[in-house]
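Notes follow once the structure below has been shown.
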Amino acid sequence: AREFRLASRPTGYPTREDFTLAEVAVPEPGPGQILVRNRYLSVDPYMRGRMNAGESYIAPFEVGEPLEGGAVGEVVASGSDEFAVGDAVWHFLGWREYALVDASAAQRLDAPSSHYLGILGMPGLTAYVGLVGIAPVRAGDTVFVSGAAGAVGAAAGQIARRLGAGRVVGSAGSPEKVRLLVEEFGFDAAFDYHDGDLAGQLREAAPDGVDVYFDNVGGEHLEAALEVANAHARFALCGWISGYNTEPVGVRNLGLVVGKRVTLRGYLVRDHEEEYGEAFRRDVSAWLSDGGLKYRETITDGFENTPGAFIGLLRGENVGKAVVAL
Ligand code: NDP
């Protein structure tokens with residue numbers, strides 16, 4: 001069996017050389033453990049942060065050690081009464097073909113579906129929590145979502161609509177993504193941030209101003225959103241991807257928060273599973289089945305291509321949730 005290890009801490013954008021592919025024996029499950037054959041691996045932006053040394057909200061990956069992350073697979077051997085061979089599970093030992101998982105750290109699924117890494121999993125919950133709990137959407141609001149064609153962003157724009165937003169606008173990194181936002185995901189307007197003048201483009205897309213900003217990007221996007229914000233706007237600060245691979249850009253107009261009385265609130269989805277998990281699963285399942293929520297993924301085939309899928313995600317090569325199929 002194969003697993004990916006961190007070969008070196010990346011400087012700037014990661015490269016293929018920052019990862020080693022190692023061959024290991026397939027382990028036997030002991031009491032209370034299960035052996036899972038992984039079917040889908042998640043690659044996520046936060047993993048880039050774990051590749052840096054230093055203290056954060058989650059421990060750094062160690063050089064020479066296997067990487068980890070969300071994964072979906074099937075139980076192939078069980079030392080636990082709770083799981084049988086053939087059960088589909090979610091667990092956190094991705095970046096490897098076979099995972100030896102403590103039964104207490106696995107969640108049973110109804111099917112080994114990649115959707116549990118995306119819309120029905122952590123990214124979907126992140127979008128939901130941001131707009132229900134962190135920066136609540138009210139009927140008629142104008143909602144701006146950055147990183148809008150990605151896993152969290154595409155869900156956020158559509159969830160905003162379902163929560164009653166009057167106007168939903170988004171930004172993304174290519175003309176194709178901008179078209180998709182409007183034609184597939186139902187955004188009212190969208191723009192490509194590579195065209196520059198973010199505040200000008202945002203003002204045109206949101207002529208009545210922004211009431212709620214769902215921020216996946218930080219930096220200049222946050223600056224533009226502050227400029228176009230209405231009084232008492234709510235901002236959910238979800239991510240800062242503009243600074244994950246390069247020096248973060250500061251926000252020059254933070255002072256606008258005072259006069260406009262903006263609420264800025266950062267959050268981590270893991271703090272909110274207990275409070276919102278059940279409502280999220282109920283609402284999102286209903287919206288998916290009534291067609292009011294469209295879902296896209298970018299699936300990379302082949303375990304050996306996992307680093308490439310991760311690097312591609314950071315470079316914007318994905319539309320919707322990036323996953324690897326084994
Ligand atoms: P995405 O599917 O959105 O993939 C990342 C996207 O980021 C790329 O496709 C790319 O799209 C965009 N991007 C890359 N570099 C830049 C840049 N410099 N400026 C603007 N956009 C850029 O990933 P996720 O949906 O999984 O994550 C989105 C955000 O949400 C991330 O910031 C992530 O860290 C955060 N997050 C936070 C959580 C929390 O608990 N707070 C939980 C989960 C995610 P493009 O082509 O548009 O540039």
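Within each chain, counting starts at residue 1; across the structure tokens, chains are named A, B, ... in the order shown, with ligands numbered 1 upward in that order.
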Using only C-alpha atoms and all ligand atoms, what does the table of chain A residues within 6 Å of ligand 1 look like, with each row giving the shortest atom pair and its distance in Å to one decimal, sorted by chain and ascending number, as a Markdown table?
| residue | atom | partner | partner_atom_place_in_ligand_line | distance |
| --- | --- | --- | --- | --- |
| A:Asp44 | CA | ligand 1 | 26 (O) | 4.9 |
| A:Pro45 | CA | ligand 1 | 34 (O) | 4.8 |
| A:Tyr46 | CA | ligand 1 | 34 (O) | 4.8 |
| A:Pro123 | CA | ligand 1 | 43 (C) | 5.1 |
| A:Thr126 | CA | ligand 1 | 42 (C) | 5.3 |
| A:Gly147 | CA | ligand 1 | 47 (O) | 4.9 |
| A:Gly150 | CA | ligand 1 | 2 (O) | 3.3 |
| A:Ala151 | CA | ligand 1 | 25 (O) | 3.6 |
| A:Val152 | CA | ligand 1 | 25 (O) | 3.7 |
| A:Gly153 | CA | ligand 1 | 25 (O) | 5.7 |
| A:Ala172 | CA | ligand 1 | 47 (O) | 3.5 |
| A:Gly173 | CA | ligand 1 | 47 (O) | 3.5 |
| A:Ser174 | CA | ligand 1 | 46 (O) | 5.9 |
| A:Asn216 | CA | ligand 1 | 32 (O) | 4.3 |
| A:Val217 | CA | ligand 1 | 20 (C) | 5.2 |
| A:Cys238 | CA | ligand 1 | 41 (N) | 4.1 |
| A:Gly239 | CA | ligand 1 | 32 (O) | 3.3 |
| A:Trp240 | CA | ligand 1 | 32 (O) | 4.8 |
| A:Ile241 | CA | ligand 1 | 32 (O) | 4.3 |
| A:Ser242 | CA | ligand 1 | 18 (N) | 3.5 |
| A:Tyr267 | CA | ligand 1 | 41 (N) | 5.2 |
| A:Leu268 | CA | ligand 1 | 40 (O) | 3.4 |
| A:Val269 | CA | ligand 1 | 40 (O) | 3.7 |
| A:Leu313 | CA | ligand 1 | 4 (O) | 5.1 |
| A:Leu314 | CA | ligand 1 | 14 (C) | 4.9 |
| A:Arg315 | CA | ligand 1 | 14 (C) | 5.3 |
| A:Gly316 | CA | ligand 1 | 9 (O) | 3.4 |
| A:Glu317 | CA | ligand 1 | 9 (O) | 5.8 |
| A:Asn318 | CA | ligand 1 | 9 (O) | 5.0 |
| A:Gly320 | CA | ligand 1 | 2 (O) | 5.3 |
| A:Lys321 | CA | ligand 1 | 2 (O) | 5.0 |
Quick one: DSSP alpha helix (DSSP H) residues in range 20-226 of chain A, as JSON, numbers by chain?
{"A": [46, 47, 48, 49, 50, 122, 123, 124, 125, 126, 127, 128, 129, 151, 152, 153, 154, 155, 156, 157, 158, 159, 160, 161, 162, 175, 176, 177, 178, 179, 180, 181, 182, 183, 198, 199, 200, 201, 202, 203, 204, 205, 219, 220, 221, 222, 223, 224, 225, 226]}
Selection export as a short mmCIF file (atom, residue, chain, number, x, y, z; two decimals), in the first residue's frame, atoms kept: N, CA and C atoms:
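Output saved as out-v3.cif:
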data_model
loop_
_atom_site.label_atom_id
_atom_site.label_comp_id
_atom_site.auth_asym_id
_atom_site.auth_seq_id
_atom_site.Cartn_x
_atom_site.Cartn_y
_atom_site.Cartn_z
N TYR A 46 -6.76 24.37 3.80
CA TYR A 46 -6.16 24.47 5.14
C TYR A 46 -4.93 23.57 5.29
N MET A 47 -4.84 22.55 4.42
CA MET A 47 -3.69 21.64 4.52
C MET A 47 -2.39 22.38 4.24
N ARG A 48 -2.50 23.44 3.44
CA ARG A 48 -1.29 24.25 3.16
C ARG A 48 -0.74 24.85 4.45
N GLY A 49 -1.63 25.31 5.31
CA GLY A 49 -1.21 25.89 6.59
C GLY A 49 -0.54 24.86 7.49
N ARG A 50 -1.02 23.62 7.43
CA ARG A 50 -0.43 22.57 8.26
C ARG A 50 0.96 22.17 7.77
N MET A 122 -17.62 18.66 5.47
CA MET A 122 -17.03 19.84 6.10
C MET A 122 -17.23 21.13 5.28
N PRO A 123 -16.95 21.14 3.97
CA PRO A 123 -17.12 22.40 3.24
C PRO A 123 -18.58 22.88 3.20
N GLY A 124 -19.52 21.95 3.03
CA GLY A 124 -20.93 22.33 3.03
C GLY A 124 -21.35 22.93 4.36
N LEU A 125 -20.91 22.28 5.44
CA LEU A 125 -21.24 22.78 6.79
C LEU A 125 -20.61 24.16 7.02
N THR A 126 -19.42 24.36 6.47
CA THR A 126 -18.75 25.66 6.62
C THR A 126 -19.60 26.78 5.99
N ALA A 127 -20.11 26.51 4.80
CA ALA A 127 -20.95 27.51 4.12
C ALA A 127 -22.22 27.78 4.93
N TYR A 128 -22.83 26.70 5.40
CA TYR A 128 -24.10 26.80 6.14
C TYR A 128 -23.93 27.59 7.44
N VAL A 129 -22.91 27.21 8.21
CA VAL A 129 -22.68 27.87 9.50
C VAL A 129 -22.39 29.37 9.28
N ALA A 151 -15.50 24.87 -3.43
CA ALA A 151 -16.37 23.99 -2.67
C ALA A 151 -17.25 24.77 -1.69
N VAL A 152 -16.63 25.59 -0.86
CA VAL A 152 -17.38 26.35 0.14
C VAL A 152 -18.17 27.47 -0.55
N GLY A 153 -17.52 28.17 -1.47
CA GLY A 153 -18.12 29.35 -2.09
C GLY A 153 -19.38 29.04 -2.89
N ALA A 154 -19.33 27.98 -3.69
CA ALA A 154 -20.50 27.66 -4.52
C ALA A 154 -21.68 27.27 -3.63
N ALA A 155 -21.37 26.57 -2.54
CA ALA A 155 -22.43 26.23 -1.59
C ALA A 155 -22.95 27.49 -0.91
N ALA A 156 -22.04 28.39 -0.53
CA ALA A 156 -22.45 29.60 0.20
C ALA A 156 -23.39 30.46 -0.65
N GLY A 157 -23.06 30.67 -1.91
CA GLY A 157 -23.90 31.52 -2.75
C GLY A 157 -25.31 30.97 -2.86
N GLN A 158 -25.41 29.67 -3.02
CA GLN A 158 -26.73 29.05 -3.20
C GLN A 158 -27.49 28.97 -1.88
N ILE A 159 -26.77 28.74 -0.79
CA ILE A 159 -27.43 28.71 0.52
C ILE A 159 -27.95 30.10 0.87
N ALA A 160 -27.17 31.12 0.52
CA ALA A 160 -27.62 32.50 0.77
C ALA A 160 -28.97 32.74 0.11
N ARG A 161 -29.09 32.26 -1.12
CA ARG A 161 -30.37 32.42 -1.84
C ARG A 161 -31.48 31.70 -1.10
N ARG A 162 -31.22 30.48 -0.66
CA ARG A 162 -32.25 29.71 0.02
C ARG A 162 -32.64 30.34 1.36
N PRO A 175 -12.91 33.68 -16.45
CA PRO A 175 -14.19 33.97 -17.12
C PRO A 175 -15.12 32.76 -17.13
N GLU A 176 -14.55 31.54 -17.24
CA GLU A 176 -15.39 30.34 -17.23
C GLU A 176 -16.09 30.19 -15.88
N LYS A 177 -15.34 30.43 -14.82
CA LYS A 177 -15.94 30.31 -13.48
C LYS A 177 -17.02 31.37 -13.28
N VAL A 178 -16.76 32.57 -13.77
CA VAL A 178 -17.74 33.65 -13.63
C VAL A 178 -19.04 33.27 -14.34
N ARG A 179 -18.90 32.68 -15.52
CA ARG A 179 -20.08 32.26 -16.28
C ARG A 179 -20.85 31.16 -15.51
N LEU A 180 -20.10 30.24 -14.96
CA LEU A 180 -20.71 29.14 -14.21
C LEU A 180 -21.50 29.66 -13.00
N LEU A 181 -20.94 30.66 -12.33
CA LEU A 181 -21.61 31.21 -11.15
C LEU A 181 -23.01 31.69 -11.52
N VAL A 182 -23.11 32.38 -12.64
CA VAL A 182 -24.39 32.96 -13.03
C VAL A 182 -25.29 31.89 -13.66
N GLU A 183 -24.73 31.09 -14.56
CA GLU A 183 -25.57 30.17 -15.33
C GLU A 183 -25.93 28.91 -14.58
N LEU A 198 -11.25 45.76 -7.75
CA LEU A 198 -12.25 44.92 -7.09
C LEU A 198 -13.43 45.72 -6.55
N ALA A 199 -13.13 46.87 -5.95
CA ALA A 199 -14.22 47.67 -5.37
C ALA A 199 -15.14 48.18 -6.48
N GLY A 200 -14.54 48.59 -7.60
CA GLY A 200 -15.35 49.08 -8.72
C GLY A 200 -16.23 47.97 -9.29
N GLN A 201 -15.63 46.80 -9.46
CA GLN A 201 -16.41 45.67 -9.99
C GLN A 201 -17.49 45.23 -9.01
N LEU A 202 -17.16 45.26 -7.72
CA LEU A 202 -18.15 44.84 -6.72
C LEU A 202 -19.32 45.84 -6.66
N ARG A 203 -18.99 47.13 -6.76
CA ARG A 203 -20.05 48.15 -6.70
C ARG A 203 -21.00 48.00 -7.88
N GLU A 204 -20.43 47.66 -9.02
CA GLU A 204 -21.28 47.45 -10.21
C GLU A 204 -22.17 46.22 -10.03
N ALA A 205 -21.60 45.17 -9.42
CA ALA A 205 -22.37 43.93 -9.23
C ALA A 205 -23.40 44.07 -8.11
N GLY A 219 -7.48 39.85 2.31
CA GLY A 219 -6.68 40.81 1.56
C GLY A 219 -7.50 41.83 0.80
N GLU A 220 -7.21 41.96 -0.48
CA GLU A 220 -7.86 42.99 -1.30
C GLU A 220 -9.37 42.75 -1.46
N HIS A 221 -9.77 41.49 -1.37
CA HIS A 221 -11.21 41.21 -1.44
C HIS A 221 -11.92 41.80 -0.22
N LEU A 222 -11.33 41.63 0.93
CA LEU A 222 -11.94 42.16 2.15
C LEU A 222 -11.96 43.69 2.11
N GLU A 223 -10.88 44.24 1.58
CA GLU A 223 -10.80 45.69 1.42
C GLU A 223 -11.95 46.22 0.55
N ALA A 224 -12.18 45.53 -0.58
CA ALA A 224 -13.26 45.94 -1.50
C ALA A 224 -14.62 45.79 -0.83
N ALA A 225 -14.80 44.67 -0.10
CA ALA A 225 -16.10 44.44 0.55
C ALA A 225 -16.37 45.51 1.61
N LEU A 226 -15.33 45.94 2.33
CA LEU A 226 -15.52 47.01 3.32
C LEU A 226 -15.92 48.31 2.62
#
Within 12 Å of Ala99 in chain A, counting only C-alpha atoms, which residues qualify if same-chain residues fewer than 2 places away don't, as an NGL selection string?
:A and (1-3 or 24-29 or 33-39 or 41 or 66-78 or 89-97 or 101-103 or 105-106)
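Here the question is which of A:Leu120, A:Val85, A:Ala59, A:Leu131 gets nearest to Glu278 in chain A using only C-alpha atoms, and that residue is A:Leu120.
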Quick one: residues within 9 Å of Thr15 in chain A, only C-alpha atoms counted, chain neighbours fewer than 3 positions away excluded, as a list in words?
Pro10, Asp18, Phe19, Pro307, Gly308 and Ile311 of chain A
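The spacing separating CA of Tyr295 in chain A from CA of Val319 in chain A amounts to 10.0 Å.
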Would you list, as a VMD selection string, the residues of range 32-272 of chain A that end up in strand (DSSP E or B) under DSSP run on this structure's backbone?
chain A and resid 33 to 42 63 66 69 71 to 78 88 to 91 93 96 98 to 102 107 to 109 142 to 145 150 167 to 172 189 to 192 210 to 215 229 to 237 263 to 266
Could those selected residues go to a file with C-alpha atoms, as a compact mmCIF listing (two decimals), in the first residue's frame?
# COMPACT_ATOMS: atom_id res chain seq x y z
CA GLN A 33 -9.76 -0.75 15.04
CA ILE A 34 -10.89 -1.01 11.43
CA LEU A 35 -8.92 -1.23 8.21
CA VAL A 36 -10.35 1.06 5.54
CA ARG A 37 -9.66 0.95 1.84
CA ASN A 38 -9.89 4.61 0.87
CA ARG A 39 -12.06 5.48 -2.15
CA TYR A 40 -12.01 9.29 -2.08
CA LEU A 41 -9.49 11.66 -0.56
CA SER A 42 -10.13 15.29 0.19
CA VAL A 63 8.46 16.28 7.66
CA PRO A 66 2.30 10.77 6.43
CA GLY A 69 -7.14 14.72 5.89
CA ALA A 71 -11.35 10.50 3.41
CA VAL A 72 -14.20 8.19 2.48
CA GLY A 73 -13.72 4.47 2.11
CA GLU A 74 -14.92 0.95 2.80
CA VAL A 75 -14.11 -1.27 5.74
CA VAL A 76 -12.10 -4.28 4.53
CA ALA A 77 -11.22 -5.80 7.92
CA SER A 78 -12.74 -5.08 11.32
CA ALA A 88 -18.85 2.83 4.17
CA VAL A 89 -17.10 5.30 6.51
CA TRP A 90 -15.74 8.81 6.74
CA HIS A 91 -12.50 9.29 8.67
CA LEU A 93 -6.62 9.43 7.60
CA ARG A 96 -3.00 6.91 1.88
CA TYR A 98 -5.35 1.93 3.32
CA ALA A 99 -6.03 3.49 6.70
CA LEU A 100 -5.96 1.87 10.12
CA VAL A 101 -8.64 3.82 11.98
CA ASP A 102 -9.90 3.70 15.56
CA GLN A 107 -18.34 7.85 11.00
CA ARG A 108 -20.67 5.45 9.27
CA LEU A 109 -22.07 6.60 5.91
CA THR A 142 -27.28 41.55 -0.82
CA VAL A 143 -24.70 38.81 -0.17
CA PHE A 144 -21.19 38.82 -1.64
CA VAL A 145 -19.18 35.57 -1.74
CA GLY A 150 -14.97 26.60 -5.03
CA ARG A 167 -29.17 39.57 -4.47
CA VAL A 168 -26.19 37.20 -4.53
CA VAL A 169 -22.90 38.23 -6.13
CA GLY A 170 -19.62 36.38 -6.40
CA SER A 171 -16.01 36.66 -7.47
CA ALA A 172 -13.77 33.97 -8.94
CA ALA A 189 -23.81 38.84 -10.95
CA ALA A 190 -20.18 37.76 -10.80
CA PHE A 191 -16.75 39.08 -11.72
CA ASP A 192 -13.19 37.89 -12.30
CA VAL A 210 -23.27 44.63 0.48
CA ASP A 211 -25.14 43.51 3.61
CA VAL A 212 -23.39 40.17 4.13
CA TYR A 213 -19.89 39.22 2.97
CA PHE A 214 -18.77 35.58 3.01
CA ASP A 215 -14.98 35.90 2.81
CA ALA A 229 -20.47 47.48 2.69
CA ASN A 230 -23.71 49.00 3.91
CA ALA A 231 -24.17 50.21 7.47
CA HIS A 232 -24.45 47.28 9.93
CA ALA A 233 -23.10 44.77 7.38
CA ARG A 234 -22.06 41.34 8.71
CA PHE A 235 -18.88 39.65 7.49
CA ALA A 236 -18.15 35.95 7.99
CA LEU A 237 -14.36 35.57 7.77
CA THR A 263 -19.43 43.10 12.34
CA LEU A 264 -16.38 41.04 11.34
CA ARG A 265 -16.39 37.52 12.71
CA GLY A 266 -13.85 34.78 12.06
Identify which of the residues A:Gly64, A:Pro112, A:Gly291, A:Gly277 lies closest to Thr20 in chain A, counting only C-alpha atoms when measuring atom-to-atom distances.
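So, comparing all the options, the nearest one is A:Gly64.
The coordinates place CA of Ile58 in chain A at 19.8 Å from CA of Ser104 in chain A.
Considering only C-alpha atoms, the residue among A:Val251, A:Gly121, A:Thr11, A:Ala111 positioned nearest to Arg270 in chain A is A:Gly121.
Closest approach to Asp110 in chain A among A:Gly255, A:Gly209, A:Gly302, A:Gly86 is made by A:Gly86 (distances from only C-alpha atoms).
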Of the candidates A:Thr298, A:Val262, A:Ala148, A:Asn253, which shows the shortest atom-to-atom distance to Ala135 in chain A, using only C-alpha atoms?
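That would be A:Val262, the residue with the smallest distance to Ala135 in chain A.
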With only C-alpha atoms as the basis for distance, which of A:Phe280, A:Gly218, A:Ile119, A:Glu62 is at the shortest distance from Gly243 in chain A?
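Among the listed residues, the smallest separation from Gly243 in chain A belongs to A:Gly218.
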